[in-house]
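Visitor: This is the content of input04.cif (mmCIF, C-alpha atoms and all ligand atoms; chains and numbers go by the auth columns):
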data_target
loop_
_atom_site.group_PDB
_atom_site.id
_atom_site.type_symbol
_atom_site.label_atom_id
_atom_site.label_comp_id
_atom_site.label_asym_id
_atom_site.label_seq_id
_atom_site.Cartn_x
_atom_site.Cartn_y
_atom_site.Cartn_z
_atom_site.B_iso_or_equiv
_atom_site.auth_seq_id
_atom_site.auth_asym_id
ATOM 1 C CA MET A 1 0.000 0.000 0.000 0.00 1 Y
ATOM 2 C CA SER A 2 1.407 3.389 -0.956 0.00 2 Y
ATOM 3 C CA LEU A 3 1.123 6.305 1.435 0.00 3 Y
ATOM 4 C CA SER A 4 1.835 8.863 -1.246 0.00 4 Y
ATOM 5 C CA GLN A 5 -1.111 10.999 -2.239 0.00 5 Y
ATOM 6 C CA PRO A 6 -1.740 12.109 -5.788 0.00 6 Y
ATOM 7 C CA GLU A 7 -0.734 15.653 -6.570 0.00 7 Y
ATOM 8 C CA PHE A 8 -1.708 18.114 -9.244 0.00 8 Y
ATOM 9 C CA GLN A 9 0.335 20.914 -10.701 0.00 9 Y
ATOM 10 C CA VAL A 10 -1.459 24.241 -10.777 0.00 10 Y
ATOM 11 C CA PHE A 11 -0.246 27.654 -11.867 0.00 11 Y
ATOM 12 C CA ILE A 12 -0.831 30.611 -9.583 0.00 12 Y
ATOM 13 C CA ASN A 13 -0.104 33.898 -11.302 0.00 13 Y
ATOM 14 C CA GLY A 14 2.041 31.888 -13.694 0.00 14 Y
ATOM 15 C CA ARG A 15 4.061 30.135 -11.000 0.00 15 Y
ATOM 16 C CA ALA A 16 3.872 26.337 -10.889 0.00 16 Y
ATOM 17 C CA LEU A 17 2.864 24.753 -7.587 0.00 17 Y
ATOM 18 C CA GLN A 18 2.325 21.120 -6.598 0.00 18 Y
ATOM 19 C CA VAL A 19 -0.794 20.638 -4.462 0.00 19 Y
ATOM 20 C CA PRO A 20 -2.673 17.607 -3.145 0.00 20 Y
ATOM 21 C CA ALA A 21 -5.321 16.436 -5.585 0.00 21 Y
ATOM 22 C CA HIS A 22 -8.093 16.986 -3.011 0.00 22 Y
ATOM 23 C CA CYS A 23 -7.052 20.629 -2.392 0.00 23 Y
ATOM 24 C CA ASN A 24 -9.360 23.521 -3.144 0.00 24 Y
ATOM 25 C CA VAL A 25 -8.133 26.723 -4.756 0.00 25 Y
ATOM 26 C CA ALA A 26 -8.252 28.731 -1.501 0.00 26 Y
ATOM 27 C CA ALA A 27 -5.974 26.209 0.208 0.00 27 Y
ATOM 28 C CA SER A 28 -3.674 26.281 -2.814 0.00 28 Y
ATOM 29 C CA LEU A 29 -3.344 30.057 -2.497 0.00 29 Y
ATOM 30 C CA GLN A 30 -2.447 29.630 1.148 0.00 30 Y
ATOM 31 C CA ARG A 31 0.151 26.972 0.306 0.00 31 Y
ATOM 32 C CA ALA A 32 1.625 29.428 -2.205 0.00 32 Y
ATOM 33 C CA GLY A 33 2.033 31.959 0.610 0.00 33 Y
ATOM 34 C CA LEU A 34 -0.443 34.456 -0.789 0.00 34 Y
ATOM 35 C CA SER A 35 -2.156 36.593 1.838 0.00 35 Y
ATOM 36 C CA HIS A 36 -5.048 37.692 -0.363 0.00 36 Y
ATOM 37 C CA SER A 37 -6.927 36.683 -3.486 0.00 37 Y
ATOM 38 C CA ARG A 38 -8.287 40.001 -4.720 0.00 38 Y
ATOM 39 C CA ARG A 39 -8.683 43.684 -3.905 0.00 39 Y
ATOM 40 C CA SER A 40 -11.831 45.600 -3.083 0.00 40 Y
ATOM 41 C CA GLU A 41 -12.905 48.561 -5.213 0.00 41 Y
ATOM 42 C CA THR A 42 -10.995 50.796 -2.801 0.00 42 Y
ATOM 43 C CA GLY A 43 -7.854 48.669 -3.132 0.00 43 Y
ATOM 44 C CA GLN A 44 -8.091 46.821 0.173 0.00 44 Y
ATOM 45 C CA PRO A 45 -6.756 43.244 0.114 0.00 45 Y
ATOM 46 C CA ARG A 46 -9.408 40.553 0.469 0.00 46 Y
ATOM 47 C CA ALA A 47 -9.010 36.868 1.269 0.00 47 Y
ATOM 48 C CA ALA A 48 -11.119 33.812 1.965 0.00 48 Y
ATOM 49 C CA PHE A 49 -13.228 34.472 5.047 0.00 49 Y
ATOM 50 C CA CYS A 50 -16.191 32.120 5.353 0.00 50 Y
ATOM 51 C CA GLY A 51 -14.836 29.133 3.444 0.00 51 Y
ATOM 52 C CA MET A 52 -18.342 28.103 2.387 0.00 52 Y
ATOM 53 C CA GLY A 53 -19.312 30.204 -0.607 0.00 53 Y
ATOM 54 C CA GLN A 54 -21.152 33.011 1.158 0.00 54 Y
ATOM 55 C CA CYS A 55 -18.844 36.010 1.606 0.00 55 Y
ATOM 56 C CA GLN A 56 -17.528 36.175 -1.994 0.00 56 Y
ATOM 57 C CA GLU A 57 -14.174 37.477 -0.713 0.00 57 Y
ATOM 58 C CA CYS A 58 -12.151 34.648 -2.266 0.00 58 Y
ATOM 59 C CA ARG A 59 -12.989 35.377 -5.885 0.00 59 Y
ATOM 60 C CA VAL A 60 -10.196 34.698 -8.399 0.00 60 Y
ATOM 61 C CA ARG A 61 -9.829 34.133 -12.118 0.00 61 Y
ATOM 62 C CA ILE A 62 -9.628 30.438 -12.997 0.00 62 Y
ATOM 63 C CA ASP A 63 -8.726 29.298 -16.494 0.00 63 Y
ATOM 64 C CA GLY A 64 -9.718 32.715 -17.827 0.00 64 Y
ATOM 65 C CA HIS A 65 -13.072 32.899 -16.017 0.00 65 Y
ATOM 66 C CA ASP A 66 -13.497 35.770 -13.565 0.00 66 Y
ATOM 67 C CA HIS A 67 -15.220 35.683 -10.169 0.00 67 Y
ATOM 68 C CA ARG A 68 -14.745 31.985 -9.389 0.00 68 Y
ATOM 69 C CA LEU A 69 -14.967 31.133 -5.712 0.00 69 Y
ATOM 70 C CA ALA A 70 -11.622 29.754 -4.563 0.00 70 Y
ATOM 71 C CA CYS A 71 -13.147 28.108 -1.490 0.00 71 Y
ATOM 72 C CA MET A 72 -15.686 26.153 -3.526 0.00 72 Y
ATOM 73 C CA THR A 73 -13.447 25.060 -6.394 0.00 73 Y
ATOM 74 C CA LEU A 74 -11.313 21.931 -6.299 0.00 74 Y
ATOM 75 C CA VAL A 75 -8.053 22.044 -8.189 0.00 75 Y
ATOM 76 C CA VAL A 76 -7.546 20.118 -11.391 0.00 76 Y
ATOM 77 C CA ASP A 77 -4.213 19.352 -12.978 0.00 77 Y
ATOM 78 C CA GLY A 78 -2.920 22.271 -15.028 0.00 78 Y
ATOM 79 C CA MET A 79 -5.403 24.801 -13.612 0.00 79 Y
ATOM 80 C CA GLN A 80 -4.462 28.446 -14.185 0.00 80 Y
ATOM 81 C CA ILE A 81 -5.320 30.625 -11.187 0.00 81 Y
ATOM 82 C CA GLU A 82 -4.925 34.390 -11.187 0.00 82 Y
ATOM 83 C CA THR A 83 -5.255 36.668 -8.191 0.00 83 Y
ATOM 84 C CA GLN A 84 -5.366 40.446 -7.953 0.00 84 Y
ATOM 85 C CA THR A 85 -2.051 41.315 -6.348 0.00 85 Y
HETATM 86 S S1 LIG B . -14.336 32.260 1.439 0.00 101 L
HETATM 87 FE FE1 LIG B . -16.312 33.099 1.506 0.00 101 L
HETATM 88 S S2 LIG B . -17.095 32.671 -0.479 0.00 101 L
HETATM 89 FE FE2 LIG B . -15.148 31.771 -0.479 0.00 101 L
#
What is this structure when it is put down as structure tokens?
Guide:
Amino acid sequence: MSLSQPEFQVFINGRALQVPAHCNVAASLQRAGLSHSRRSETGQPRAAFCGMGQCQECRVRIDGHDHRLACMTLVVDGMQIETQT
């Protein structure tokens, strides 16, 4: 029996990162050391808050689609994730 877990490679702002296959995008951002996922209209940094799809603070661009919820989206191999830095 192997104890190794499958991993996916995702790209966060163009940087490759290996993450567990069961990881969601919000957790991937945290593993990448990012403190926020987007900025408010006034430029304030915003990050995942509720973790259950309600607050909308974790929105990122995924594979070219804006306003995807990082907390509700599981990674897939090769996923392109873009934050507002
Ligand atoms: S963390 Fe609140 S919607 Fe994603």
Visitor: Produce a table with one row for each residue of chain Y that has an atom at most 6 Å from any atom of ligand LIG 101 (chain L), each row naming the nearest atom pair and its distance in Å at one decimal; use only C-alpha atoms and all ligand atoms; arrange rows by chain and rising residue number; format as a tab-separated table.
Guide:
residue	atom	partner	partner_atom	distance
Y:Ala48	CA	L:LIG101	S1	3.6
Y:Phe49	CA	L:LIG101	S1	4.4
Y:Cys50	CA	L:LIG101	FE1	4.0
Y:Gly51	CA	L:LIG101	S1	3.7
Y:Met52	CA	L:LIG101	FE1	5.5
Y:Gly53	CA	L:LIG101	S2	3.3
Y:Gln54	CA	L:LIG101	S2	4.4
Y:Cys55	CA	L:LIG101	FE1	3.9
Y:Gln56	CA	L:LIG101	S2	3.8
Y:Glu57	CA	L:LIG101	FE1	5.4
Y:Cys58	CA	L:LIG101	FE2	4.5
Y:Leu69	CA	L:LIG101	FE2	5.3
Y:Ala70	CA	L:LIG101	FE2	5.8
Y:Cys71	CA	L:LIG101	FE2	4.3
Visitor: Take the selection from the previous step and output its residues with C-alpha atoms, as a short mmCIF file (atom, residue, chain, number, x, y, z; two decimals), in the coordinates of the input.
Guide:
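And here's result_4.cif as it stands now:
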data_model
loop_
_atom_site.label_atom_id
_atom_site.label_comp_id
_atom_site.auth_asym_id
_atom_site.auth_seq_id
_atom_site.Cartn_x
_atom_site.Cartn_y
_atom_site.Cartn_z
CA ALA Y 48 -11.12 33.81 1.96
CA PHE Y 49 -13.23 34.47 5.05
CA CYS Y 50 -16.19 32.12 5.35
CA GLY Y 51 -14.84 29.13 3.44
CA MET Y 52 -18.34 28.10 2.39
CA GLY Y 53 -19.31 30.20 -0.61
CA GLN Y 54 -21.15 33.01 1.16
CA CYS Y 55 -18.84 36.01 1.61
CA GLN Y 56 -17.53 36.17 -1.99
CA GLU Y 57 -14.17 37.48 -0.71
CA CYS Y 58 -12.15 34.65 -2.27
CA LEU Y 69 -14.97 31.13 -5.71
CA ALA Y 70 -11.62 29.75 -4.56
CA CYS Y 71 -13.15 28.11 -1.49
#
Visitor: Please report, as AutoDock Vina command-line options, the centre and edge lengths in Å to one decimal of an axis-aligned box covering all listed atoms of stretch 40-57 of chain Y with 8 Å per side.
Guide:
--center_x -14.0 --center_y 39.4 --center_z 0.1 --size_x 30.4 --size_y 38.7 --size_z 26.6
Visitor: How far is it from atom CA of Y:Thr83 to atom CA of Y:Gln5, in Å with one decimal?
Guide: 26.7 Å
Visitor: To one decimal place in Å, what is the distance between atom CA of Y:Ser4 and atom CA of Y:Leu74?
Guide: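 Atom-to-atom, atom CA of Y:Ser4 to atom CA of Y:Leu74, that is 19.2 Å.
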Visitor: Can you give me, as a list of chain:residue names, the residues this file yields under the PyMOL selection byres (((chain Y and resi 17) around 9) and not hetatm)?
Guide: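 That selection, the PyMOL selection byres (((chain Y and resi 17) around 9) and not hetatm), comes back as Y:Phe8, Y:Gln9, Y:Val10, Y:Phe11, Y:Ile12, Y:Arg15, Y:Ala16, Y:Gln18, Y:Val19, Y:Ser28, Y:Arg31, Y:Ala32.
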Visitor: Report, in Å to a single decimal, how far apart atom CA of Y:Ile81 and atom CA of Y:Glu41 are.
Guide: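 Computed distance, atom CA of Y:Glu41 to atom CA of Y:Ile81, equals 20.4 Å.
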Visitor: Given all atoms listed in the file as the basis, pick out the residue of Y:Pro20, Y:Ala26, Y:Ala47, Y:Gln80 nearest to Y:Asp66.
Guide: Y:Gln80
Visitor: Using the chain letters and numbers from this file, what does the PyMOL selection byres (((chain Y and resi 24) around 6) and not hetatm) select? Give the answer as a list in words.
Guide: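 In the shown coordinates, the PyMOL selection byres (((chain Y and resi 24) around 6) and not hetatm) covers Cys23, Val25, Ala26, Ala27, Thr73, Leu74 and Val75 of chain Y.
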Visitor: Please, could you write that set of residues out with C-alpha atoms as a short mmCIF file (atom, residue, chain, number, x, y, z; two decimals), in the frame of the given file?
Guide:
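Below you can see part-v9.cif, which holds the result:
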data_model
loop_
_atom_site.label_atom_id
_atom_site.label_comp_id
_atom_site.auth_asym_id
_atom_site.auth_seq_id
_atom_site.Cartn_x
_atom_site.Cartn_y
_atom_site.Cartn_z
CA CYS Y 23 -7.05 20.63 -2.39
CA VAL Y 25 -8.13 26.72 -4.76
CA ALA Y 26 -8.25 28.73 -1.50
CA ALA Y 27 -5.97 26.21 0.21
CA THR Y 73 -13.45 25.06 -6.39
CA LEU Y 74 -11.31 21.93 -6.30
CA VAL Y 75 -8.05 22.04 -8.19
#
Visitor: Given the file shown, determine the residues that the PyMOL selection byres (((chain Y and resi 60) around 6) and not hetatm) selects; report them as JSON, numbers by chain.
Guide: {"Y": [59, 61, 67, 68, 82, 83]}
